[in-house]
Amino acid sequence: MPYQNILVATDLHEECHPVVARAQDLANSSGAKLMLVHVIEPMAMAFGGDVPMDLSTLQQQQFDQARDRLNVFAEQYPGLLPEHRHIAYGQPRQEVHRLAKEQNCDLIVVGSHGRHGLALLLGSTANDILHGAPCDVLAVRLKKSE
Ligand code: AMP
């Protein structure tokens with residue numbers, strides 16, 4: 001059975017383009033719908049949930065920036081319609097699984113690696129997404145950036 005609904009998870013870094021390109025090839029060859037998701041990890045989570053200040057303005061700015069970056073990132077993929085570009089807020093594993101179920105996805109595509117900055121401390125998103133996934137997961141091998 002060819003895949004019908006493919007969800008690509010992206011951290012929006014340049015290195016993630018081969019992941020989307022691979023997913024688009026798969027979608028083209030199987031006639032599948034292609035969707036993209038970027039998950040914003042809340043500030044409070046990055047700081048251990050213990051920040052004594054109101055983060056709502058910061059979160060709104062984070063969201064607006066992510067939306068702009070997602071649109072620029074997705075523009076070069078004609079198969080990625082604006083209504084198929086999703087932004088979620090929370091833990092990447094949880095949000096990617098939730099969206100995959102909600103959109104009846106039969107394949108999630110991630111990069112094998114892509115950690116940057118603070119996130120380096122937190123372990124592998126690709127690995128997290130693989131565990132307990134509601135459908136197949138393809139990890140596209142990426143070269144490590146130094
Ligand atoms: P990592 O395990 O953090 O090196 O990231 C591996 C892959 O997980 C990336 O190439 C993306 O496909 C995906 N990923 C990482 N962070 C996010 C995020 N915030 N939102 C969606 N996907 C992500």
# chains A, B, ... in the order shown; residues from 1 in each chain; ligands from 1
>>> select_by_dssp(residues="segment 24-144 of chain A", states="strand (DSSP E or B)", output="list in words")
Lys33, Leu34, Met35, Leu36, Val37, His38, Val39, Ile40, Arg85, His86, Ile87, Ala88, Tyr89, Leu107, Ile108, Val109, Val110, Gly111, Asp136, Val137, Leu138, Ala139 and Val140 of chain A
>>> write_last_selection(atoms="N, CA, C and O atoms", output="PDB file, in the first residue's frame")
ATOM      1  N   LYS A  33      -0.604  12.994   0.380  1.00  0.00           N
ATOM      2  CA  LYS A  33      -0.674  14.383   0.846  1.00  0.00           C
ATOM      3  C   LYS A  33       0.558  14.627   1.709  1.00  0.00           C
ATOM      4  O   LYS A  33       0.915  13.782   2.540  1.00  0.00           O
ATOM      5  N   LEU A  34       1.205  15.785   1.518  1.00  0.00           N
ATOM      6  CA  LEU A  34       2.413  16.109   2.284  1.00  0.00           C
ATOM      7  C   LEU A  34       2.109  17.219   3.283  1.00  0.00           C
ATOM      8  O   LEU A  34       1.535  18.250   2.916  1.00  0.00           O
ATOM      9  N   MET A  35       2.469  16.978   4.547  1.00  0.00           N
ATOM     10  CA  MET A  35       2.258  17.984   5.601  1.00  0.00           C
ATOM     11  C   MET A  35       3.561  18.253   6.326  1.00  0.00           C
ATOM     12  O   MET A  35       4.416  17.364   6.404  1.00  0.00           O
ATOM     13  N   LEU A  36       3.653  19.453   6.877  1.00  0.00           N
ATOM     14  CA  LEU A  36       4.877  19.855   7.579  1.00  0.00           C
ATOM     15  C   LEU A  36       4.501  20.345   8.969  1.00  0.00           C
ATOM     16  O   LEU A  36       3.506  21.052   9.120  1.00  0.00           O
ATOM     17  N   VAL A  37       5.297  19.971   9.952  1.00  0.00           N
ATOM     18  CA  VAL A  37       5.036  20.506  11.299  1.00  0.00           C
ATOM     19  C   VAL A  37       6.339  20.980  11.935  1.00  0.00           C
ATOM     20  O   VAL A  37       7.376  20.327  11.818  1.00  0.00           O
ATOM     21  N   HIS A  38       6.238  22.135  12.573  1.00  0.00           N
ATOM     22  CA  HIS A  38       7.321  22.604  13.439  1.00  0.00           C
ATOM     23  C   HIS A  38       6.743  22.770  14.842  1.00  0.00           C
ATOM     24  O   HIS A  38       5.692  23.385  15.010  1.00  0.00           O
ATOM     25  N   VAL A  39       7.446  22.218  15.810  1.00  0.00           N
ATOM     26  CA  VAL A  39       6.961  22.320  17.188  1.00  0.00           C
ATOM     27  C   VAL A  39       7.815  23.333  17.957  1.00  0.00           C
ATOM     28  O   VAL A  39       9.041  23.215  17.999  1.00  0.00           O
ATOM     29  N   ILE A  40       7.138  24.311  18.518  1.00  0.00           N
ATOM     30  CA  ILE A  40       7.832  25.288  19.361  1.00  0.00           C
ATOM     31  C   ILE A  40       7.888  24.706  20.764  1.00  0.00           C
ATOM     32  O   ILE A  40       6.858  24.317  21.322  1.00  0.00           O
ATOM     33  N   ARG A  85       0.748  23.342   6.475  1.00  0.00           N
ATOM     34  CA  ARG A  85       1.921  23.728   7.279  1.00  0.00           C
ATOM     35  C   ARG A  85       1.444  24.001   8.695  1.00  0.00           C
ATOM     36  O   ARG A  85       0.647  24.903   8.923  1.00  0.00           O
ATOM     37  N   HIS A  86       1.928  23.193   9.626  1.00  0.00           N
ATOM     38  CA  HIS A  86       1.412  23.285  11.002  1.00  0.00           C
ATOM     39  C   HIS A  86       2.480  23.766  11.973  1.00  0.00           C
ATOM     40  O   HIS A  86       3.647  23.387  11.866  1.00  0.00           O
ATOM     41  N   ILE A  87       2.004  24.570  12.928  1.00  0.00           N
ATOM     42  CA  ILE A  87       2.866  24.942  14.049  1.00  0.00           C
ATOM     43  C   ILE A  87       2.195  24.380  15.295  1.00  0.00           C
ATOM     44  O   ILE A  87       0.982  24.542  15.473  1.00  0.00           O
ATOM     45  N   ALA A  88       2.977  23.727  16.119  1.00  0.00           N
ATOM     46  CA  ALA A  88       2.418  23.226  17.371  1.00  0.00           C
ATOM     47  C   ALA A  88       3.279  23.748  18.507  1.00  0.00           C
ATOM     48  O   ALA A  88       4.405  24.204  18.293  1.00  0.00           O
ATOM     49  N   TYR A  89       2.740  23.649  19.698  1.00  0.00           N
ATOM     50  CA  TYR A  89       3.405  24.202  20.865  1.00  0.00           C
ATOM     51  C   TYR A  89       3.482  23.126  21.933  1.00  0.00           C
ATOM     52  O   TYR A  89       2.447  22.594  22.348  1.00  0.00           O
ATOM     53  N   LEU A 107       2.823   7.941   7.642  1.00  0.00           N
ATOM     54  CA  LEU A 107       4.289   8.044   7.688  1.00  0.00           C
ATOM     55  C   LEU A 107       4.700   9.391   8.290  1.00  0.00           C
ATOM     56  O   LEU A 107       4.166  10.439   7.905  1.00  0.00           O
ATOM     57  N   ILE A 108       5.646   9.306   9.239  1.00  0.00           N
ATOM     58  CA  ILE A 108       6.271  10.522   9.782  1.00  0.00           C
ATOM     59  C   ILE A 108       7.713  10.519   9.282  1.00  0.00           C
ATOM     60  O   ILE A 108       8.386   9.480   9.339  1.00  0.00           O
ATOM     61  N   VAL A 109       8.183  11.649   8.769  1.00  0.00           N
ATOM     62  CA  VAL A 109       9.557  11.734   8.289  1.00  0.00           C
ATOM     63  C   VAL A 109      10.318  12.739   9.155  1.00  0.00           C
ATOM     64  O   VAL A 109       9.856  13.866   9.357  1.00  0.00           O
ATOM     65  N   VAL A 110      11.476  12.305   9.667  1.00  0.00           N
ATOM     66  CA  VAL A 110      12.311  13.184  10.494  1.00  0.00           C
ATOM     67  C   VAL A 110      13.755  13.100  10.008  1.00  0.00           C
ATOM     68  O   VAL A 110      14.118  12.178   9.286  1.00  0.00           O
ATOM     69  N   GLY A 111      14.566  14.048  10.449  1.00  0.00           N
ATOM     70  CA  GLY A 111      16.003  13.963  10.198  1.00  0.00           C
ATOM     71  C   GLY A 111      16.635  13.114  11.287  1.00  0.00           C
ATOM     72  O   GLY A 111      16.129  13.067  12.414  1.00  0.00           O
ATOM     73  N   ASP A 136       4.360   4.458  10.694  1.00  0.00           N
ATOM     74  CA  ASP A 136       5.763   4.279  10.316  1.00  0.00           C
ATOM     75  C   ASP A 136       6.529   5.587  10.523  1.00  0.00           C
ATOM     76  O   ASP A 136       5.952   6.678  10.409  1.00  0.00           O
ATOM     77  N   VAL A 137       7.835   5.441  10.791  1.00  0.00           N
ATOM     78  CA  VAL A 137       8.697   6.623  10.908  1.00  0.00           C
ATOM     79  C   VAL A 137       9.918   6.405  10.027  1.00  0.00           C
ATOM     80  O   VAL A 137      10.545   5.345  10.089  1.00  0.00           O
ATOM     81  N   LEU A 138      10.213   7.397   9.200  1.00  0.00           N
ATOM     82  CA  LEU A 138      11.424   7.337   8.377  1.00  0.00           C
ATOM     83  C   LEU A 138      12.402   8.390   8.892  1.00  0.00           C
ATOM     84  O   LEU A 138      12.056   9.571   8.969  1.00  0.00           O
ATOM     85  N   ALA A 139      13.609   7.946   9.272  1.00  0.00           N
ATOM     86  CA  ALA A 139      14.645   8.894   9.696  1.00  0.00           C
ATOM     87  C   ALA A 139      15.610   9.086   8.531  1.00  0.00           C
ATOM     88  O   ALA A 139      16.324   8.160   8.139  1.00  0.00           O
ATOM     89  N   VAL A 140      15.599  10.264   7.952  1.00  0.00           N
ATOM     90  CA  VAL A 140      16.476  10.564   6.819  1.00  0.00           C
ATOM     91  C   VAL A 140      17.849  10.933   7.368  1.00  0.00           C
ATOM     92  O   VAL A 140      17.956  11.838   8.210  1.00  0.00           O
TER      93      VAL A 140
END
>>> residues_near_ligand(ligand="ligand 1", cutoff="7 Å", atoms="only C-alpha atoms and all ligand atoms", output="count of residues only")
25
>>> closest_residue(among="A:Cys105, A:Ile6, A:Ala21, A:Leu142", to="Tyr77 of chain A", atoms="only C-alpha atoms")
A:Ala21
>>> residues_around(residues="segment 93-102 of chain A", least_positions_apart="2", cutoff="6 Å", atoms="only C-alpha atoms", output="number ranges by chain")
A: 91, 104-105, 128-129
>>> write_last_selection(atoms="C-alpha atoms", output="PDB file, in the first residue's frame")
ATOM      1  CA  GLN A  91       7.014  18.656  23.358  1.00  0.00           C
ATOM      2  CA  ASN A 104      -4.479  10.108   9.775  1.00  0.00           C
ATOM      3  CA  CYS A 105      -0.817  10.027   8.803  1.00  0.00           C
ATOM      4  CA  ASP A 128      11.780  10.326  20.833  1.00  0.00           C
ATOM      5  CA  ILE A 129       9.436  10.527  17.853  1.00  0.00           C
TER       6      ILE A 129
END
>>> residues_around(residues="Gly31 of chain A", least_positions_apart="2", cutoff="12 Å", atoms="only C-alpha atoms", output="MDAnalysis selection string")
chainID A and resid 1:6 23:29 33:34 79
>>> write_last_selection(atoms="C-alpha atoms", output="mmCIF file, in the first residue's frame")
data_model
loop_
_atom_site.group_PDB
_atom_site.id
_atom_site.type_symbol
_atom_site.label_atom_id
_atom_site.label_comp_id
_atom_site.auth_asym_id
_atom_site.auth_seq_id
_atom_site.Cartn_x
_atom_site.Cartn_y
_atom_site.Cartn_z
ATOM 1 C CA MET A 1 0.000 0.000 0.000
ATOM 2 C CA PRO A 2 1.477 3.372 -0.933
ATOM 3 C CA TYR A 3 1.549 6.042 1.780
ATOM 4 C CA GLN A 4 -1.374 8.431 1.755
ATOM 5 C CA ASN A 5 -0.617 11.073 4.365
ATOM 6 C CA ILE A 6 2.984 12.004 5.080
ATOM 7 C CA ALA A 23 9.402 13.322 1.912
ATOM 8 C CA GLN A 24 8.268 15.273 -1.124
ATOM 9 C CA ASP A 25 9.771 12.641 -3.466
ATOM 10 C CA LEU A 26 7.916 9.944 -1.543
ATOM 11 C CA ALA A 27 4.693 11.924 -1.651
ATOM 12 C CA ASN A 28 5.052 12.503 -5.400
ATOM 13 C CA SER A 29 5.696 8.854 -6.137
ATOM 14 C CA LYS A 33 -0.674 14.383 0.846
ATOM 15 C CA LEU A 34 2.413 16.109 2.284
ATOM 16 C CA GLY A 79 3.549 20.230 -2.741
#
>>> atom_distance(atom1="atom CA of Lys143 of chain A", atom2="atom CA of His13 of chain A")
12.9 Å
>>> atom_distance(atom1="atom CA of Gly90 of chain A", atom2="atom CA of Pro42 of chain A")
6.0 Å
>>> select_by_dssp(residues="chain A", states="alpha helix (DSSP H)", output="PyMOL selection string")
chain A and resi 17-30+43-46+56-74+92-102+125-130
>>> atom_distance(atom1="atom CA of Leu70 of chain A", atom2="atom CA of Glu15 of chain A")
14.0 Å
